[in-house]
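> Pasting upload.txt here (compact mmCIF, N, CA and C atoms):
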# COMPACT_ATOMS: atom_id res chain seq x y z
N MET A 19 14.89 51.56 -75.46
CA MET A 19 14.92 50.11 -75.59
C MET A 19 14.31 49.73 -76.93
N SER A 20 14.87 48.71 -77.53
CA SER A 20 14.34 48.24 -78.81
C SER A 20 13.06 47.45 -78.56
N ALA A 21 12.33 47.17 -79.63
CA ALA A 21 11.07 46.42 -79.51
C ALA A 21 11.32 45.02 -78.98
N VAL A 22 12.41 44.40 -79.40
CA VAL A 22 12.75 43.05 -78.92
C VAL A 22 13.05 43.08 -77.43
N GLU A 23 13.83 44.07 -77.00
CA GLU A 23 14.16 44.18 -75.57
C GLU A 23 12.91 44.45 -74.75
N LEU A 24 12.03 45.30 -75.25
CA LEU A 24 10.81 45.63 -74.53
C LEU A 24 9.89 44.41 -74.41
N ARG A 25 9.73 43.66 -75.50
CA ARG A 25 8.90 42.46 -75.47
C ARG A 25 9.48 41.42 -74.51
N ALA A 26 10.79 41.22 -74.56
CA ALA A 26 11.43 40.27 -73.66
C ALA A 26 11.26 40.70 -72.21
N THR A 27 11.43 41.98 -71.96
CA THR A 27 11.30 42.50 -70.61
C THR A 27 9.88 42.31 -70.08
N LEU A 28 8.89 42.62 -70.89
CA LEU A 28 7.49 42.46 -70.46
C LEU A 28 7.14 41.00 -70.22
N SER A 29 7.61 40.12 -71.08
CA SER A 29 7.35 38.69 -70.91
C SER A 29 7.98 38.16 -69.63
N LEU A 30 9.23 38.51 -69.42
CA LEU A 30 9.93 38.01 -68.23
C LEU A 30 9.39 38.65 -66.95
N ALA A 31 8.98 39.90 -67.03
CA ALA A 31 8.36 40.54 -65.86
C ALA A 31 7.05 39.85 -65.50
N SER A 32 6.31 39.40 -66.51
CA SER A 32 5.07 38.67 -66.27
C SER A 32 5.34 37.35 -65.57
N ILE A 33 6.37 36.64 -66.00
CA ILE A 33 6.74 35.37 -65.36
C ILE A 33 7.16 35.62 -63.92
N TYR A 34 7.99 36.61 -63.72
CA TYR A 34 8.46 36.93 -62.38
C TYR A 34 7.28 37.36 -61.49
N GLY A 35 6.38 38.15 -62.04
CA GLY A 35 5.19 38.58 -61.30
C GLY A 35 4.30 37.41 -60.91
N LEU A 36 4.17 36.43 -61.79
CA LEU A 36 3.39 35.24 -61.48
C LEU A 36 3.98 34.50 -60.29
N ARG A 37 5.28 34.39 -60.26
CA ARG A 37 5.93 33.73 -59.13
C ARG A 37 5.68 34.48 -57.83
N MET A 38 5.79 35.79 -57.87
CA MET A 38 5.57 36.57 -56.66
C MET A 38 4.10 36.52 -56.24
N LEU A 39 3.20 36.50 -57.21
CA LEU A 39 1.79 36.36 -56.91
C LEU A 39 1.53 35.05 -56.19
N GLY A 40 2.19 33.99 -56.66
CA GLY A 40 2.05 32.68 -56.02
C GLY A 40 2.53 32.68 -54.59
N MET A 41 3.51 33.48 -54.31
CA MET A 41 4.06 33.52 -52.96
C MET A 41 3.20 34.34 -52.01
N PHE A 42 2.65 35.45 -52.49
CA PHE A 42 2.00 36.38 -51.59
C PHE A 42 0.47 36.43 -51.67
N LEU A 43 -0.13 35.82 -52.66
CA LEU A 43 -1.57 35.93 -52.84
C LEU A 43 -2.36 35.35 -51.68
N ILE A 44 -1.89 34.27 -51.11
CA ILE A 44 -2.66 33.61 -50.06
C ILE A 44 -2.46 34.20 -48.67
N LEU A 45 -1.48 35.07 -48.52
CA LEU A 45 -1.15 35.56 -47.18
C LEU A 45 -2.32 36.17 -46.41
N PRO A 46 -3.14 37.02 -47.02
CA PRO A 46 -4.18 37.67 -46.21
C PRO A 46 -5.24 36.73 -45.64
N ILE A 47 -5.53 35.63 -46.30
CA ILE A 47 -6.65 34.80 -45.87
C ILE A 47 -6.27 33.39 -45.43
N PHE A 48 -5.02 33.01 -45.64
CA PHE A 48 -4.67 31.61 -45.42
C PHE A 48 -4.83 31.19 -43.96
N ALA A 49 -4.45 32.01 -43.03
CA ALA A 49 -4.54 31.63 -41.61
C ALA A 49 -5.99 31.35 -41.22
N ILE A 50 -6.91 32.12 -41.76
CA ILE A 50 -8.33 31.90 -41.45
C ILE A 50 -8.82 30.61 -42.11
N TYR A 51 -8.46 30.42 -43.38
CA TYR A 51 -8.87 29.21 -44.11
C TYR A 51 -8.25 27.95 -43.49
N ALA A 52 -6.99 28.03 -43.11
CA ALA A 52 -6.28 26.85 -42.61
C ALA A 52 -6.93 26.30 -41.34
N GLU A 53 -7.54 27.14 -40.55
CA GLU A 53 -8.17 26.67 -39.31
C GLU A 53 -9.37 25.77 -39.58
N THR A 54 -9.89 25.79 -40.81
CA THR A 54 -11.01 24.92 -41.15
C THR A 54 -10.55 23.54 -41.62
N LEU A 55 -9.25 23.36 -41.81
CA LEU A 55 -8.69 22.10 -42.30
C LEU A 55 -8.29 21.20 -41.14
N PRO A 56 -8.23 19.88 -41.39
CA PRO A 56 -7.68 18.99 -40.35
C PRO A 56 -6.24 19.39 -40.02
N SER A 57 -5.91 19.46 -38.76
CA SER A 57 -4.61 19.90 -38.24
C SER A 57 -4.34 21.38 -38.52
N GLY A 58 -5.31 22.09 -39.03
CA GLY A 58 -5.13 23.50 -39.34
C GLY A 58 -5.21 24.41 -38.13
N HIS A 59 -5.61 23.89 -37.01
CA HIS A 59 -5.66 24.68 -35.79
C HIS A 59 -4.28 24.92 -35.20
N ASP A 60 -3.30 24.15 -35.64
CA ASP A 60 -1.94 24.27 -35.13
C ASP A 60 -1.21 25.39 -35.89
N HIS A 61 -0.85 26.43 -35.19
CA HIS A 61 -0.22 27.60 -35.82
C HIS A 61 1.15 27.28 -36.41
N PHE A 62 1.81 26.27 -35.87
CA PHE A 62 3.10 25.86 -36.44
C PHE A 62 2.92 25.41 -37.89
N TYR A 63 1.89 24.60 -38.14
CA TYR A 63 1.64 24.11 -39.49
C TYR A 63 1.22 25.23 -40.44
N ILE A 64 0.48 26.18 -39.92
CA ILE A 64 0.08 27.33 -40.75
C ILE A 64 1.33 28.11 -41.15
N GLY A 65 2.21 28.37 -40.20
CA GLY A 65 3.45 29.08 -40.51
C GLY A 65 4.34 28.29 -41.45
N LEU A 66 4.38 26.98 -41.28
CA LEU A 66 5.17 26.12 -42.15
C LEU A 66 4.62 26.14 -43.58
N ALA A 67 3.32 26.13 -43.71
CA ALA A 67 2.71 26.19 -45.04
C ALA A 67 3.04 27.52 -45.73
N LEU A 68 3.03 28.58 -44.98
CA LEU A 68 3.37 29.88 -45.57
C LEU A 68 4.85 29.99 -45.88
N GLY A 69 5.69 29.45 -45.02
CA GLY A 69 7.13 29.59 -45.19
C GLY A 69 7.77 28.55 -46.10
N ALA A 70 7.08 27.45 -46.36
CA ALA A 70 7.66 26.37 -47.18
C ALA A 70 8.00 26.87 -48.58
N TYR A 71 7.18 27.72 -49.12
CA TYR A 71 7.42 28.26 -50.47
C TYR A 71 8.74 29.02 -50.51
N GLY A 72 8.90 29.96 -49.61
CA GLY A 72 10.11 30.77 -49.60
C GLY A 72 11.36 29.95 -49.28
N LEU A 73 11.22 28.98 -48.39
CA LEU A 73 12.35 28.14 -48.02
C LEU A 73 12.84 27.31 -49.21
N THR A 74 11.93 26.62 -49.88
CA THR A 74 12.37 25.81 -51.01
C THR A 74 12.82 26.67 -52.18
N GLN A 75 12.22 27.84 -52.33
CA GLN A 75 12.68 28.74 -53.39
C GLN A 75 14.12 29.17 -53.11
N ALA A 76 14.43 29.49 -51.88
CA ALA A 76 15.79 29.88 -51.52
C ALA A 76 16.77 28.73 -51.74
N LEU A 77 16.35 27.52 -51.42
CA LEU A 77 17.23 26.36 -51.58
C LEU A 77 17.50 26.02 -53.05
N PHE A 78 16.52 26.24 -53.92
CA PHE A 78 16.66 25.85 -55.32
C PHE A 78 17.10 26.98 -56.24
N GLN A 79 17.25 28.18 -55.72
CA GLN A 79 17.64 29.32 -56.55
C GLN A 79 19.00 29.11 -57.22
N LEU A 80 20.00 28.76 -56.45
CA LEU A 80 21.34 28.54 -57.02
C LEU A 80 21.40 27.35 -57.97
N PRO A 81 20.84 26.19 -57.60
CA PRO A 81 20.86 25.09 -58.56
C PRO A 81 20.16 25.42 -59.88
N PHE A 82 19.03 26.13 -59.81
CA PHE A 82 18.34 26.52 -61.04
C PHE A 82 19.17 27.48 -61.86
N GLY A 83 19.83 28.41 -61.20
CA GLY A 83 20.69 29.36 -61.91
C GLY A 83 21.85 28.66 -62.59
N MET A 84 22.48 27.73 -61.89
CA MET A 84 23.61 26.99 -62.49
C MET A 84 23.13 26.10 -63.63
N ALA A 85 21.97 25.49 -63.46
CA ALA A 85 21.42 24.65 -64.53
C ALA A 85 21.05 25.50 -65.74
N SER A 86 20.60 26.71 -65.51
CA SER A 86 20.25 27.58 -66.65
C SER A 86 21.49 27.98 -67.43
N ASP A 87 22.64 28.02 -66.78
CA ASP A 87 23.89 28.27 -67.49
C ASP A 87 24.26 27.10 -68.39
N ARG A 88 23.95 25.90 -67.94
CA ARG A 88 24.34 24.69 -68.68
C ARG A 88 23.33 24.31 -69.75
N ILE A 89 22.05 24.27 -69.42
CA ILE A 89 21.08 23.73 -70.38
C ILE A 89 20.16 24.78 -71.00
N GLY A 90 20.35 26.02 -70.61
CA GLY A 90 19.58 27.09 -71.23
C GLY A 90 18.60 27.74 -70.27
N ARG A 91 18.53 29.04 -70.37
CA ARG A 91 17.68 29.80 -69.45
C ARG A 91 16.19 29.52 -69.69
N LYS A 92 15.79 29.53 -70.96
CA LYS A 92 14.38 29.29 -71.26
C LYS A 92 13.95 27.90 -70.83
N ASN A 93 14.81 26.91 -71.05
CA ASN A 93 14.47 25.54 -70.63
C ASN A 93 14.24 25.48 -69.13
N MET A 94 15.08 26.12 -68.36
CA MET A 94 14.92 26.10 -66.90
C MET A 94 13.70 26.89 -66.46
N ILE A 95 13.39 27.95 -67.17
CA ILE A 95 12.17 28.70 -66.84
C ILE A 95 10.95 27.83 -67.10
N TYR A 96 10.94 27.10 -68.20
CA TYR A 96 9.82 26.18 -68.48
C TYR A 96 9.72 25.11 -67.41
N VAL A 97 10.85 24.52 -67.04
CA VAL A 97 10.85 23.48 -66.00
C VAL A 97 10.33 24.06 -64.68
N GLY A 98 10.81 25.23 -64.33
CA GLY A 98 10.37 25.86 -63.09
C GLY A 98 8.89 26.17 -63.07
N LEU A 99 8.37 26.63 -64.20
CA LEU A 99 6.94 26.94 -64.26
C LEU A 99 6.09 25.67 -64.20
N VAL A 100 6.57 24.58 -64.78
CA VAL A 100 5.85 23.31 -64.67
C VAL A 100 5.86 22.82 -63.22
N ILE A 101 7.00 22.92 -62.56
CA ILE A 101 7.07 22.54 -61.14
C ILE A 101 6.13 23.40 -60.32
N PHE A 102 6.12 24.70 -60.59
CA PHE A 102 5.22 25.62 -59.89
C PHE A 102 3.76 25.22 -60.11
N ALA A 103 3.39 24.86 -61.35
CA ALA A 103 2.02 24.46 -61.65
C ALA A 103 1.65 23.16 -60.94
N ILE A 104 2.58 22.22 -60.88
CA ILE A 104 2.32 20.96 -60.16
C ILE A 104 2.09 21.25 -58.68
N GLY A 105 2.94 22.09 -58.10
CA GLY A 105 2.76 22.46 -56.70
C GLY A 105 1.44 23.17 -56.46
N SER A 106 1.05 24.02 -57.38
CA SER A 106 -0.23 24.71 -57.26
C SER A 106 -1.39 23.72 -57.30
N LEU A 107 -1.30 22.73 -58.18
CA LEU A 107 -2.34 21.71 -58.27
C LEU A 107 -2.41 20.89 -56.99
N VAL A 108 -1.26 20.50 -56.46
CA VAL A 108 -1.23 19.74 -55.20
C VAL A 108 -1.86 20.56 -54.08
N ALA A 109 -1.49 21.83 -53.98
CA ALA A 109 -2.04 22.67 -52.91
C ALA A 109 -3.53 22.91 -53.10
N ALA A 110 -3.97 23.09 -54.34
CA ALA A 110 -5.39 23.35 -54.60
C ALA A 110 -6.25 22.13 -54.29
N LEU A 111 -5.73 20.94 -54.53
CA LEU A 111 -6.50 19.71 -54.28
C LEU A 111 -6.33 19.17 -52.87
N ALA A 112 -5.54 19.84 -52.06
CA ALA A 112 -5.25 19.36 -50.70
C ALA A 112 -6.51 19.43 -49.83
N ASP A 113 -6.65 18.41 -49.00
CA ASP A 113 -7.77 18.42 -48.07
C ASP A 113 -7.32 18.50 -46.62
N ASP A 114 -6.00 18.66 -46.41
CA ASP A 114 -5.49 18.91 -45.07
C ASP A 114 -4.25 19.80 -45.16
N ILE A 115 -3.85 20.31 -44.04
CA ILE A 115 -2.75 21.28 -43.98
C ILE A 115 -1.43 20.66 -44.42
N HIS A 116 -1.26 19.36 -44.19
CA HIS A 116 0.00 18.71 -44.54
C HIS A 116 0.21 18.69 -46.05
N MET A 117 -0.84 18.42 -46.80
CA MET A 117 -0.71 18.42 -48.26
C MET A 117 -0.54 19.84 -48.80
N ILE A 118 -1.10 20.81 -48.13
CA ILE A 118 -0.85 22.20 -48.54
C ILE A 118 0.62 22.54 -48.33
N ILE A 119 1.20 22.07 -47.25
CA ILE A 119 2.63 22.29 -47.01
C ILE A 119 3.45 21.66 -48.13
N VAL A 120 3.10 20.45 -48.51
CA VAL A 120 3.80 19.77 -49.60
C VAL A 120 3.64 20.55 -50.91
N GLY A 121 2.42 20.97 -51.20
CA GLY A 121 2.17 21.74 -52.41
C GLY A 121 2.94 23.04 -52.45
N ARG A 122 2.97 23.75 -51.34
CA ARG A 122 3.70 25.02 -51.29
C ARG A 122 5.21 24.78 -51.43
N ALA A 123 5.70 23.69 -50.87
CA ALA A 123 7.12 23.38 -51.02
C ALA A 123 7.45 23.06 -52.47
N ILE A 124 6.57 22.32 -53.13
CA ILE A 124 6.79 22.04 -54.55
C ILE A 124 6.73 23.33 -55.37
N GLN A 125 5.80 24.21 -55.07
CA GLN A 125 5.72 25.49 -55.77
C GLN A 125 7.05 26.24 -55.67
N GLY A 126 7.60 26.32 -54.50
CA GLY A 126 8.85 27.04 -54.30
C GLY A 126 10.03 26.38 -54.96
N ALA A 127 9.94 25.05 -55.17
CA ALA A 127 11.05 24.33 -55.81
C ALA A 127 11.22 24.74 -57.27
N GLY A 128 10.21 25.32 -57.87
CA GLY A 128 10.34 25.82 -59.24
C GLY A 128 10.90 27.22 -59.23
N ALA A 129 12.07 27.39 -58.68
CA ALA A 129 12.68 28.70 -58.45
C ALA A 129 13.31 29.25 -59.73
N VAL A 130 12.57 30.09 -60.43
CA VAL A 130 13.05 30.59 -61.73
C VAL A 130 13.58 32.01 -61.67
N SER A 131 13.61 32.62 -60.52
CA SER A 131 14.02 34.03 -60.44
C SER A 131 15.43 34.26 -60.95
N ALA A 132 16.35 33.38 -60.61
CA ALA A 132 17.73 33.55 -61.07
C ALA A 132 17.82 33.40 -62.59
N ALA A 133 17.10 32.43 -63.13
CA ALA A 133 17.11 32.23 -64.58
C ALA A 133 16.44 33.39 -65.30
N VAL A 134 15.37 33.93 -64.74
CA VAL A 134 14.69 35.08 -65.34
C VAL A 134 15.62 36.30 -65.34
N THR A 135 16.26 36.56 -64.22
CA THR A 135 17.18 37.70 -64.13
C THR A 135 18.33 37.55 -65.12
N ALA A 136 18.87 36.34 -65.22
CA ALA A 136 19.98 36.11 -66.16
C ALA A 136 19.51 36.27 -67.61
N LEU A 137 18.29 35.84 -67.91
CA LEU A 137 17.78 35.98 -69.27
C LEU A 137 17.54 37.44 -69.62
N VAL A 138 17.08 38.23 -68.66
CA VAL A 138 16.94 39.67 -68.90
C VAL A 138 18.30 40.27 -69.24
N ALA A 139 19.32 39.86 -68.50
CA ALA A 139 20.67 40.36 -68.78
C ALA A 139 21.15 39.92 -70.16
N ASP A 140 20.77 38.72 -70.57
CA ASP A 140 21.18 38.22 -71.88
C ASP A 140 20.47 38.95 -73.02
N LEU A 141 19.22 39.35 -72.80
CA LEU A 141 18.40 39.89 -73.88
C LEU A 141 18.38 41.40 -73.98
N THR A 142 19.02 42.08 -73.05
CA THR A 142 19.03 43.54 -73.08
C THR A 142 20.47 44.05 -73.22
N ARG A 143 20.58 45.19 -73.86
CA ARG A 143 21.90 45.80 -73.97
C ARG A 143 22.31 46.37 -72.62
N GLU A 144 23.59 46.50 -72.41
CA GLU A 144 24.11 46.91 -71.10
C GLU A 144 23.56 48.27 -70.66
N GLU A 145 23.42 49.21 -71.57
CA GLU A 145 22.93 50.54 -71.19
C GLU A 145 21.45 50.54 -70.81
N HIS A 146 20.72 49.48 -71.17
CA HIS A 146 19.29 49.39 -70.83
C HIS A 146 19.02 48.31 -69.78
N ARG A 147 20.05 47.68 -69.29
CA ARG A 147 19.89 46.51 -68.44
C ARG A 147 19.15 46.81 -67.14
N THR A 148 19.32 47.98 -66.58
CA THR A 148 18.68 48.27 -65.29
C THR A 148 17.26 48.79 -65.45
N LYS A 149 16.82 49.08 -66.64
CA LYS A 149 15.48 49.62 -66.83
C LYS A 149 14.35 48.62 -66.55
N PRO A 150 14.52 47.32 -66.87
CA PRO A 150 13.43 46.39 -66.62
C PRO A 150 13.09 46.17 -65.15
N TRP A 151 14.00 46.46 -64.25
CA TRP A 151 13.79 46.18 -62.83
C TRP A 151 13.62 47.48 -62.08
N PRO A 152 12.77 47.45 -61.07
CA PRO A 152 12.55 48.67 -60.27
C PRO A 152 13.77 49.09 -59.49
In structure tokens, how does this file's structure come out?

Amino acid sequence: MSAVELRATLSLASIYGLRMLGMFLILPIFAIYAETLPSGHDHFYIGLALGAYGLTQALFQLPFGMASDRIGRKNMIYVGLVIFAIGSLVAALADDIHMIIVGRAIQGAGAVSAAVTALVADLTREEHRTKPWP
């Protein structure tokens, strides 16, 4: 791989890793923490808070991918990361389980995985295209 391809791959892998970290980092402790919040004793809300991220990410994956074809991959990655940051802020400042659900849903709405994958394909030569991904 050339230096440009390697740098692009490492940068995009970092972005993708950040998104996955956002999805899975809270899993081990969230159920325990959520029980200390108002309405956090309800297991339905705990499951909804955990699943809201993945649900909205799945819903917005195709629209983000199509938009990245029209207005540019990097632009959509920036938009997605800003949406993710806003959702993270909402979830971090939440004082009840309902606002955490909203924050997690906003986080997932910044679905940049399709745009990141397409940008990797754009920035790497065909013979090296499968190397950046496991």
> Which of these residues is nearest to Ala31 (chain A), using all atoms listed in the file: A:Ile64, A:Ile101, A:Ala52, A:Val134?
A:Val134
> Identify, on the basis of only N, CA and C atoms, every residue whose closest approach to Gln125 (chain A) does not exceed 7 Å; exclude the query and any residue fewer than 5 positions from it along the same chain; express the result as a list in words.
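Listed by chain and then number, they are Tyr71, Thr74, Gln75, Ile101, Phe102, Ala103, Ile104, Gly105, Ser106 and Val120 of chain A.
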> Going by DSSP on the backbone, which bits of chain A are helix (DSSP H, G or I)? Write them as a ChimeraX atom specification, please.
/A:21-42,45-52,61-89,91-111,115-127,131-141,144-146
> For CA of Gln79 (chain A) and CA of Ala129 (chain A), quote the distance in Å rounded to one decimal.
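One can read the CA of Gln79 (chain A) to CA of Ala129 (chain A) distance as 5.3 Å.
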> Closest to Ala136 (chain A) among A:Met19, A:Ala76, A:Leu107, A:Met84, using only C-alpha atoms?
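So, comparing all the options, the nearest one is A:Met84.
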> What does the distance from CA of Val138 (chain A) to atom C of Phe42 (chain A) come to in Å, to one decimal?
24.1 Å
> Suppose you want the space between CA of Tyr96 (chain A) and CA of Phe82 (chain A); what is it in Å?
11.3 Å
> I need every residue sitting at most 6 Å from the point (7.5, 28.8, -62.3) (coordinates as in the file, only C-alpha atoms considered), written as a PyMOL selection string.
chain A and resi 98-99+102+128+130
> Go ahead and write the selection's residues with N, CA and C atoms as a PDB file, in the coordinates of the input.

ATOM      1  N   GLY A  98      10.810  25.230 -64.330  1.00  0.00           N
ATOM      2  CA  GLY A  98      10.370  25.860 -63.090  1.00  0.00           C
ATOM      3  C   GLY A  98       8.890  26.170 -63.070  1.00  0.00           C
ATOM      4  N   LEU A  99       8.370  26.630 -64.200  1.00  0.00           N
ATOM      5  CA  LEU A  99       6.940  26.940 -64.260  1.00  0.00           C
ATOM      6  C   LEU A  99       6.090  25.670 -64.200  1.00  0.00           C
ATOM      7  N   PHE A 102       6.120  24.700 -60.590  1.00  0.00           N
ATOM      8  CA  PHE A 102       5.220  25.620 -59.890  1.00  0.00           C
ATOM      9  C   PHE A 102       3.760  25.220 -60.110  1.00  0.00           C
ATOM     10  N   GLY A 128      10.210  25.320 -57.870  1.00  0.00           N
ATOM     11  CA  GLY A 128      10.340  25.820 -59.240  1.00  0.00           C
ATOM     12  C   GLY A 128      10.900  27.220 -59.230  1.00  0.00           C
ATOM     13  N   VAL A 130      12.570  30.090 -60.430  1.00  0.00           N
ATOM     14  CA  VAL A 130      13.050  30.590 -61.730  1.00  0.00           C
ATOM     15  C   VAL A 130      13.580  32.010 -61.670  1.00  0.00           C
TER      16      VAL A 130
END
> Would you mind telling me which residue in A:Ala132, A:Glu23, A:Ile118, A:Val100 lies nearest to Leu80 (chain A) when using all atoms listed in the file?
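Ranking A:Ala132, A:Glu23, A:Ile118, A:Val100 by distance to Leu80 (chain A), first place goes to A:Ala132.
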